[in-house]
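S.K.: Just so it is clear, I am handing over entry.cif, which has mmCIF, C-alpha atoms.
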data_data
#
loop_
_atom_site.label_atom_id
_atom_site.label_comp_id
_atom_site.auth_asym_id
_atom_site.auth_seq_id
_atom_site.Cartn_x
_atom_site.Cartn_y
_atom_site.Cartn_z
CA MET A 1 -26.12 -21.80 16.36
CA SER A 2 -23.46 -23.46 14.20
CA ARG A 3 -20.42 -21.40 13.26
CA THR A 4 -21.20 -21.78 9.55
CA LEU A 5 -24.63 -20.26 10.07
CA ARG A 6 -23.13 -17.51 12.24
CA LEU A 7 -20.63 -16.62 9.51
CA PHE A 8 -23.47 -16.42 6.99
CA GLN A 9 -25.51 -14.18 9.30
CA LEU A 10 -22.46 -12.02 9.99
CA MET A 11 -22.00 -11.41 6.27
CA GLN A 12 -25.67 -10.47 6.02
CA ALA A 13 -25.26 -8.00 8.89
CA LEU A 14 -22.16 -6.44 7.32
CA ARG A 15 -24.03 -5.96 4.02
CA GLN A 16 -26.64 -3.80 5.74
CA GLY A 17 -25.98 -0.08 5.94
CA SER A 18 -22.75 1.71 5.18
CA GLY A 19 -20.91 0.80 8.38
CA PRO A 20 -18.75 0.77 10.28
CA HIS A 21 -20.36 -1.95 12.41
CA THR A 22 -18.88 -2.41 15.88
CA ALA A 23 -18.08 -5.88 17.18
CA ALA A 24 -20.22 -5.18 20.26
CA GLY A 25 -23.21 -4.21 18.12
CA LEU A 26 -22.81 -7.22 15.84
CA GLY A 27 -22.41 -9.49 18.86
CA ASP A 28 -25.61 -8.18 20.45
CA GLU A 29 -27.47 -8.70 17.19
CA MET A 30 -26.25 -12.29 16.86
CA GLY A 31 -26.20 -13.25 20.52
CA VAL A 32 -22.44 -13.84 20.81
CA SER A 33 -19.48 -12.04 22.37
CA ALA A 34 -17.45 -9.33 20.67
CA ARG A 35 -14.46 -11.68 20.87
CA SER A 36 -16.36 -14.23 18.77
CA ILE A 37 -17.14 -11.53 16.20
CA HIS A 38 -13.43 -10.65 15.96
CA ARG A 39 -12.59 -14.32 15.30
CA ASP A 40 -15.37 -14.57 12.71
CA ILE A 41 -14.17 -11.40 10.95
CA ALA A 42 -10.69 -12.94 10.71
CA THR A 43 -12.21 -16.12 9.24
CA LEU A 44 -14.23 -14.19 6.66
CA ARG A 45 -11.11 -12.29 5.62
CA GLU A 46 -9.26 -15.60 5.16
CA MET A 47 -12.17 -16.75 2.95
CA GLY A 48 -11.71 -13.76 0.65
CA ALA A 49 -14.10 -11.09 1.95
CA ILE A 50 -12.49 -7.64 2.03
CA ILE A 51 -13.48 -6.08 5.36
CA ASP A 52 -12.02 -2.76 6.46
CA GLY A 53 -11.64 -1.70 10.09
CA GLU A 54 -10.28 -2.94 13.36
CA ALA A 55 -11.19 -3.61 17.00
CA GLY A 56 -12.37 -0.52 18.84
CA TYR A 57 -13.50 1.23 15.67
CA GLY A 58 -15.78 -1.01 13.65
CA PHE A 59 -15.91 -3.03 10.44
CA THR A 60 -17.13 -2.24 6.92
CA LEU A 61 -17.62 -4.76 4.11
CA ILE A 62 -15.68 -3.37 1.15
CA GLU A 63 -15.93 -6.22 -1.36
CA ASP A 64 -18.23 -9.22 -1.11
CA ASN A 65 -16.84 -12.23 -2.94
CA ALA A 66 -20.10 -14.12 -2.45
CA LEU A 67 -22.22 -11.83 -4.65
CA PRO A 68 -22.27 -12.27 -8.45
CA PRO A 69 -21.48 -9.40 -10.85
CA MET A 70 -24.45 -7.12 -11.48
CA GLY A 71 -25.97 -5.97 -14.74
CA PHE A 72 -27.73 -2.65 -15.27
CA ARG A 73 -31.32 -1.68 -15.97
CA ASP A 74 -31.70 0.89 -18.76
CA THR A 75 -32.52 3.66 -16.30
CA GLU A 76 -29.48 2.74 -14.18
CA LEU A 77 -27.32 2.96 -17.27
CA GLU A 78 -28.72 6.40 -18.12
CA ALA A 79 -27.95 7.56 -14.57
CA LEU A 80 -24.36 6.31 -14.88
CA VAL A 81 -23.89 8.07 -18.21
CA LEU A 82 -25.30 11.34 -16.88
CA GLY A 83 -23.13 11.14 -13.77
CA LEU A 84 -19.95 10.43 -15.73
CA ARG A 85 -20.65 13.25 -18.19
CA GLU A 86 -21.21 15.61 -15.26
CA VAL A 87 -17.80 14.57 -13.92
CA GLN A 88 -16.32 15.44 -17.31
CA GLN A 89 -17.72 18.95 -16.86
CA ILE A 90 -16.70 19.70 -13.27
CA GLY A 91 -13.88 17.29 -12.44
CA ASP A 92 -10.15 17.89 -12.34
CA PRO A 93 -8.11 16.57 -15.31
CA ASP A 94 -7.53 13.13 -13.76
CA LEU A 95 -11.25 12.64 -13.08
CA VAL A 96 -12.20 13.91 -16.55
CA GLU A 97 -9.90 11.33 -18.14
CA ALA A 98 -11.14 8.60 -15.78
CA ALA A 99 -14.79 9.38 -16.59
CA GLY A 100 -14.12 9.08 -20.32
CA GLU A 101 -12.28 5.79 -19.82
CA ALA A 102 -15.12 4.46 -17.66
CA LEU A 103 -17.64 5.30 -20.40
CA ARG A 104 -15.51 3.46 -22.98
CA LYS A 105 -15.18 0.42 -20.70
CA LEU A 106 -18.94 0.36 -20.10
CA GLN A 107 -19.60 0.56 -23.80
CA GLY A 108 -17.20 -2.31 -24.54
CA ARG A 109 -18.62 -4.64 -21.91
CA LEU A 110 -22.37 -4.12 -22.23
CA PRO A 111 -24.72 -6.22 -24.37
CA PRO A 112 -25.06 -4.78 -27.91
CA ARG A 113 -28.45 -3.14 -27.30
CA GLN A 114 -27.29 -1.38 -24.14
CA SER A 115 -23.96 -0.45 -25.73
CA HIS A 116 -25.90 1.30 -28.51
CA ARG A 117 -28.08 2.98 -25.85
CA LEU A 118 -25.00 4.26 -24.03
CA ARG A 119 -23.41 5.59 -27.24
CA HIS A 120 -26.59 7.48 -28.17
CA SER A 121 -27.87 8.36 -24.70
CA VAL A 122 -30.64 10.97 -24.54
CA LEU A 123 -29.07 12.49 -21.42
CA SER A 124 -26.07 14.77 -21.26
CA ALA A 125 -24.55 17.46 -19.05
CA TYR A 126 -23.04 20.83 -19.84
CA ARG A 127 -21.76 23.68 -17.69
CA PHE A 128 -21.52 27.19 -19.13
CA LYS A 129 -19.16 28.12 -16.31
CA ARG A 130 -16.76 25.60 -14.87
CA PRO A 131 -14.97 25.92 -11.50
CA GLU A 132 -11.57 27.56 -11.62
CA PRO A 133 -8.86 24.85 -11.47
CA PRO A 134 -7.06 24.94 -8.09
CA SER A 135 -3.30 25.36 -7.88
CA ILE A 136 -2.88 22.26 -5.72
CA SER A 137 -2.90 18.67 -7.00
CA VAL A 138 -6.45 17.44 -6.47
CA ALA A 139 -5.28 13.91 -7.31
CA ASP A 140 -2.79 14.02 -4.41
CA LEU A 141 -5.48 15.33 -2.08
CA ARG A 142 -7.90 12.57 -3.11
CA GLU A 143 -5.19 9.96 -2.58
CA ALA A 144 -4.37 11.32 0.87
CA THR A 145 -8.08 11.22 1.74
CA TRP A 146 -8.36 7.58 0.66
CA ASP A 147 -5.12 6.71 2.49
CA GLU A 148 -6.34 8.61 5.59
CA LEU A 149 -3.21 10.74 5.86
CA GLU A 150 -3.22 14.24 7.32
CA VAL A 151 -2.39 17.07 4.90
CA ALA A 152 -0.98 20.56 5.41
CA PHE A 153 -1.53 23.64 3.24
CA ASP A 154 -1.64 27.42 3.22
CA TYR A 155 -5.14 28.88 3.10
CA VAL A 156 -6.53 32.31 2.22
CA ASP A 157 -10.01 32.86 3.67
CA ALA A 158 -12.80 35.14 2.41
CA LYS A 159 -11.25 38.10 4.31
CA ALA A 160 -7.86 37.53 2.65
CA ALA A 161 -6.29 36.30 5.90
CA THR A 162 -3.65 33.61 5.38
CA THR A 163 -3.12 30.68 7.75
CA THR A 164 -1.29 27.39 7.61
CA ARG A 165 -3.52 24.42 8.35
CA GLN A 166 -3.01 20.75 9.03
CA VAL A 167 -6.18 18.73 8.67
CA LYS A 168 -7.59 15.23 8.46
CA PRO A 169 -9.18 15.19 4.96
CA LEU A 170 -12.58 13.48 5.05
CA GLY A 171 -14.19 14.10 1.67
CA LEU A 172 -14.54 16.39 -1.35
CA VAL A 173 -17.76 18.06 -2.45
CA TYR A 174 -18.15 19.53 -5.94
CA PHE A 175 -20.35 22.65 -6.05
CA ASP A 176 -21.31 24.80 -9.04
CA HIS A 177 -18.40 27.23 -8.78
CA SER A 178 -15.92 25.58 -6.43
CA THR A 179 -14.79 22.30 -4.89
CA MET A 180 -14.76 22.00 -1.10
CA LEU A 181 -12.74 19.84 1.26
CA ILE A 182 -14.57 18.61 4.36
CA SER A 183 -12.01 18.03 7.09
CA TRP A 184 -11.16 17.95 10.76
CA CYS A 185 -8.92 20.96 11.38
CA LEU A 186 -6.19 20.42 13.97
CA LEU A 187 -5.80 24.18 14.44
CA ARG A 188 -9.48 24.78 15.25
CA GLN A 189 -10.13 21.31 16.72
CA ASP A 190 -13.40 21.19 14.83
CA VAL A 191 -14.96 20.37 11.47
CA ARG A 192 -13.94 22.87 8.81
CA VAL A 193 -14.70 23.24 5.09
CA PHE A 194 -12.04 24.66 2.74
CA ARG A 195 -12.28 25.83 -0.87
CA LEU A 196 -9.65 24.12 -2.99
CA ASP A 197 -9.05 27.24 -5.08
CA ARG A 198 -7.94 29.08 -1.92
CA MET A 199 -5.41 26.39 -0.97
CA SER A 200 -1.71 26.34 -1.87
CA GLN A 201 1.50 24.54 -0.93
CA LEU A 202 -0.25 21.21 -0.32
CA GLN A 203 1.87 18.71 1.61
CA ILE A 204 0.97 15.10 2.39
CA THR A 205 2.19 14.11 5.85
CA GLU A 206 2.94 10.65 7.19
CA GLN A 207 0.48 11.10 10.06
CA SER A 208 -2.25 8.47 9.63
CA PHE A 209 -5.75 8.67 11.09
CA ARG A 210 -6.86 5.29 9.74
CA PRO A 211 -9.43 3.82 10.17
CA HIS A 212 -11.52 6.76 11.38
CA ARG A 213 -12.34 8.64 8.15
CA VAL A 214 -15.74 7.05 7.45
CA ALA A 215 -17.11 7.69 10.94
CA MET A 216 -15.58 11.19 11.08
CA LEU A 217 -17.10 12.09 7.71
CA ARG A 218 -20.52 10.88 8.83
CA ASP A 219 -20.27 12.99 12.01
CA ALA A 220 -19.02 16.00 10.03
CA LEU A 221 -21.93 15.83 7.58
CA THR A 222 -24.38 15.54 10.48
CA LYS A 223 -22.84 18.63 12.07
CA ILE A 224 -22.92 20.61 8.80
CA ARG A 225 -26.56 19.71 8.18
CA ALA A 226 -27.50 20.70 11.74
CA GLU A 227 -25.74 24.06 11.40
CA LYS A 228 -27.44 24.69 8.05
CA GLN A 229 -30.84 23.89 9.54
CA ALA A 230 -30.17 26.19 12.49
CA LEU A 231 -29.31 29.05 10.12
CA GLN A 232 -32.47 28.44 8.10
CA ASP A 233 -34.60 28.35 11.25
CA SER A 234 -33.01 31.56 12.50
CA ALA A 235 -33.61 33.33 9.19
CA ALA A 236 -37.22 32.15 9.12
CA SER A 237 -37.86 33.37 12.68
CA LYS A 238 -36.49 36.84 11.84
CA THR A 239 -38.73 37.25 8.80
CA ALA A 240 -41.85 35.95 10.53
CA GLU A 241 -43.24 39.13 12.15
CA PRO A 242 -46.43 38.96 14.21
CA ARG A 243 -49.51 40.17 12.38
CA LYS A 244 -51.04 43.40 13.62
CA SER A 245 -54.78 43.60 14.17
CA LEU A 246 -56.58 45.61 11.53
CA ASP A 247 -58.87 48.45 12.69
#
Could you express the structure from this file as structure tokens?

M.R.:
Amino acid sequence: MSRTLRLFQLMQALRQGSGPHTAAGLGDEMGVSARSIHRDIATLREMGAIIDGEAGYGFTLIEDNALPPMGFRDTELEALVLGLREVQQIGDPDLVEAAGEALRKLQGRLPPRQSHRLRHSVLSAYRFKRPEPPSISVADLREATWDELEVAFDYVDAKAATTTRQVKPLGLVYFDHSTMLISWCLLRQDVRVFRLDRMSQLQITEQSFRPHRVAMLRDALTKIRAEKQALQDSAASKTAEPRKSLD
């Protein structure tokens, strides 16, 4: 196989799935050594592809310079509008402003017919009760999560007990009445979920855990789903009483 063809196939492999893709796995798929994959990744980066990751962890294609810009189908546009308007309802001030700016940019760059469709969309979102704004800076927490930097904060749990935590922030989840941080807690040495409105005294440390966030978040979500399923199965088994024979 020529190297040009191998580079093309490597890009195709990186486009599949969310990653990260290990060099060993890519090498097995393409019939070459992991060392060759590392060299090819370096070449693709020199050619302009933005690939995150490193040896021993895996690689994820962030931006593909070989693909053309994409337009939107009408239904895709409606989905984007609905999503951005939902952000305006539940997001922190920075996200609310960003959602409005994104809508204006979309409107200014779409063909006239779709711009009119966006301006007069039939879909909207409204919340009668919005989450209480947390006392910490959500923007700083998001930035630390993207930068893969550990954060420290004081936390008050549901029993009013206060602890100081240092965690690896993995992702934020917006629920109806609160926003949750999914993280790896250094105190508990396990996945933990924290409500932002119960956090205070947020500090961004200089302790990096790059480039492990994507894989850690995937594992954390798998663990959370498994625990939720176990609770549901347990509740179902308790309510399912054996039927008694009728005389």

S.K.: Applied to the shown file, which residues does the PyMOL selection byres ((chain A and resi 193-196) around 8) return, written as a PyMOL selection string?

M.R.: chain A and resi 134+136+178-183+191-192+197-199

S.K.: For the file shown, report as a PyMOL selection string the outcome of the PyMOL selection byres ((chain A and resi 220) around 10) at residue level.

M.R.: chain A and resi 170-171+182-184+190-193+214-219+221-226

S.K.: Please determine, counting only C-alpha atoms, which residue among A:Ala24, A:Ala160, A:Leu231, A:Ile90 has the shortest atom-to-atom distance to Phe59 (chain A).

M.R.: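 Closest to Phe59 (chain A) of all the choices is A:Ala24.
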
S.K.: Nearest residue to Ala125 (chain A) out of A:Glu78, A:Glu54, A:Glu101, A:Asp28, using all atoms listed in the file?

M.R.: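 For Ala125 (chain A), the nearest of the candidates is A:Glu78.
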
S.K.: Excluding same-chain residues fewer than 5 positions from Gly71 (chain A), what lies within 10 Å of it counting only C-alpha atoms, as a PyMOL selection string?

M.R.: chain A and resi 76-77+110-111

S.K.: Counting all atoms listed in the file, figure out which residue out of A:Tyr155, A:Arg117, A:Val138, A:Thr22 gets nearest to Gly58 (chain A).

M.R.: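 Nearest to Gly58 (chain A): A:Thr22.
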
S.K.: Can you measure CA of Tyr57 (chain A) to CA of His212 (chain A) for me? One decimal in Å is fine.

M.R.: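 Here the two named atoms are 7.3 Å from each other.
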
S.K.: Quick one: apply the PyMOL selection byres ((chain A and resi 37) around 12) to the file and drop the selected residues here as a PyMOL selection string.

M.R.: chain A and resi 3+6-7+9-11+13-14+21-36+38-44+54-55+58-59

S.K.: So which one's closest to Pro20 (chain A), A:Gly48, A:Gly56, A:Gly100, A:Pro133? Using all atoms listed in the file, please.

M.R.: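 Among A:Gly48, A:Gly56, A:Gly100, A:Pro133, it is A:Gly56 that comes nearest to Pro20 (chain A).
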
S.K.: Looking at A:Phe209, A:Thr60, A:Ser200, A:Leu5, which one is nearest to Thr162 (chain A), with distances taken over only C-alpha atoms?

M.R.: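 Using only C-alpha atoms, Thr162 (chain A) sits closest to A:Ser200.
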
S.K.: By how many Å are CA of Asp147 (chain A) and CA of Lys228 (chain A) apart?

M.R.: 29.2 Å

S.K.: So, counting only C-alpha atoms, which residue among A:Leu141, A:Val81, A:Ala235, A:Leu95 is closest to Arg119 (chain A)?

M.R.: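 Using only C-alpha atoms, the shortest distance to Arg119 (chain A) belongs to A:Val81.
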
S.K.: One decimal, in Å: what's the spacing between CA of Val167 (chain A) and CA of Arg188 (chain A)?

M.R.: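 Taking CA of Val167 (chain A) as the start and CA of Arg188 (chain A) as the end point, the length is 9.5 Å.
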
S.K.: Take region 43-67 of chain A, model N, CA and C atoms, and hand the result over as an mmCIF file, in the frame of the given file.

M.R.:
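The resulting rebuild.cif:
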data_model
loop_
_atom_site.group_PDB
_atom_site.id
_atom_site.type_symbol
_atom_site.label_atom_id
_atom_site.label_comp_id
_atom_site.auth_asym_id
_atom_site.auth_seq_id
_atom_site.Cartn_x
_atom_site.Cartn_y
_atom_site.Cartn_z
ATOM 1 N N THR A 43 -11.892 -14.973 10.093
ATOM 2 C CA THR A 43 -12.210 -16.120 9.240
ATOM 3 C C THR A 43 -12.749 -15.654 7.883
ATOM 4 N N LEU A 44 -13.663 -14.697 7.909
ATOM 5 C CA LEU A 44 -14.230 -14.190 6.660
ATOM 6 C C LEU A 44 -13.159 -13.563 5.779
ATOM 7 N N ARG A 45 -12.214 -12.871 6.399
ATOM 8 C CA ARG A 45 -11.110 -12.290 5.620
ATOM 9 C C ARG A 45 -10.265 -13.389 4.980
ATOM 10 N N GLU A 46 -10.017 -14.480 5.709
ATOM 11 C CA GLU A 46 -9.260 -15.600 5.160
ATOM 12 C C GLU A 46 -10.007 -16.248 3.991
ATOM 13 N N MET A 47 -11.354 -16.159 4.007
ATOM 14 C CA MET A 47 -12.170 -16.750 2.950
ATOM 15 C C MET A 47 -12.294 -15.841 1.728
ATOM 16 N N GLY A 48 -11.733 -14.641 1.813
ATOM 17 C CA GLY A 48 -11.710 -13.760 0.650
ATOM 18 C C GLY A 48 -12.513 -12.487 0.754
ATOM 19 N N ALA A 49 -13.332 -12.333 1.798
ATOM 20 C CA ALA A 49 -14.100 -11.090 1.950
ATOM 21 C C ALA A 49 -13.151 -9.963 2.338
ATOM 22 N N ILE A 50 -13.323 -8.799 1.714
ATOM 23 C CA ILE A 50 -12.490 -7.640 2.030
ATOM 24 C C ILE A 50 -13.262 -6.779 3.022
ATOM 25 N N ILE A 51 -12.799 -6.778 4.272
ATOM 26 C CA ILE A 51 -13.480 -6.080 5.360
ATOM 27 C C ILE A 51 -12.507 -5.085 5.966
ATOM 28 N N ASP A 52 -12.869 -3.821 5.929
ATOM 29 C CA ASP A 52 -12.020 -2.760 6.460
ATOM 30 C C ASP A 52 -12.369 -2.529 7.928
ATOM 31 N N GLY A 53 -11.395 -2.040 8.699
ATOM 32 C CA GLY A 53 -11.640 -1.700 10.090
ATOM 33 C C GLY A 53 -10.821 -2.523 11.048
ATOM 34 N N GLU A 54 -11.029 -2.245 12.321
ATOM 35 C CA GLU A 54 -10.280 -2.940 13.360
ATOM 36 C C GLU A 54 -11.036 -2.854 14.675
ATOM 37 N N ALA A 55 -10.562 -3.605 15.681
ATOM 38 C CA ALA A 55 -11.190 -3.610 17.000
ATOM 39 C C ALA A 55 -11.160 -2.208 17.597
ATOM 40 N N GLY A 56 -12.277 -1.830 18.229
ATOM 41 C CA GLY A 56 -12.370 -0.520 18.840
ATOM 42 C C GLY A 56 -12.901 0.548 17.920
ATOM 43 N N TYR A 57 -12.997 0.241 16.627
ATOM 44 C CA TYR A 57 -13.500 1.230 15.670
ATOM 45 C C TYR A 57 -14.756 0.710 14.970
ATOM 46 N N GLY A 58 -14.656 -0.450 14.372
ATOM 47 C CA GLY A 58 -15.780 -1.010 13.650
ATOM 48 C C GLY A 58 -15.332 -1.608 12.334
ATOM 49 N N PHE A 59 -16.238 -2.298 11.656
ATOM 50 C CA PHE A 59 -15.910 -3.030 10.440
ATOM 51 C C PHE A 59 -16.882 -2.658 9.319
ATOM 52 N N THR A 60 -16.335 -2.551 8.102
ATOM 53 C CA THR A 60 -17.130 -2.240 6.920
ATOM 54 C C THR A 60 -16.797 -3.227 5.830
ATOM 55 N N LEU A 61 -17.815 -3.821 5.222
ATOM 56 C CA LEU A 61 -17.620 -4.760 4.110
ATOM 57 C C LEU A 61 -17.321 -3.965 2.852
ATOM 58 N N ILE A 62 -16.109 -4.127 2.336
ATOM 59 C CA ILE A 62 -15.680 -3.370 1.150
ATOM 60 C C ILE A 62 -16.000 -4.133 -0.131
ATOM 61 N N GLU A 63 -15.680 -5.408 -0.161
ATOM 62 C CA GLU A 63 -15.930 -6.220 -1.360
ATOM 63 C C GLU A 63 -16.425 -7.584 -0.934
ATOM 64 N N ASP A 64 -17.563 -7.969 -1.500
ATOM 65 C CA ASP A 64 -18.230 -9.220 -1.110
ATOM 66 C C ASP A 64 -18.014 -10.257 -2.207
ATOM 67 N N ASN A 65 -17.149 -11.226 -1.928
ATOM 68 C CA ASN A 65 -16.840 -12.230 -2.940
ATOM 69 C C ASN A 65 -17.959 -13.241 -3.131
ATOM 70 N N ALA A 66 -19.009 -13.166 -2.323
ATOM 71 C CA ALA A 66 -20.100 -14.120 -2.450
ATOM 72 C C ALA A 66 -21.191 -13.646 -3.395
ATOM 73 N N LEU A 67 -21.174 -12.356 -3.778
ATOM 74 C CA LEU A 67 -22.220 -11.830 -4.650
ATOM 75 C C LEU A 67 -21.765 -11.848 -6.107
#
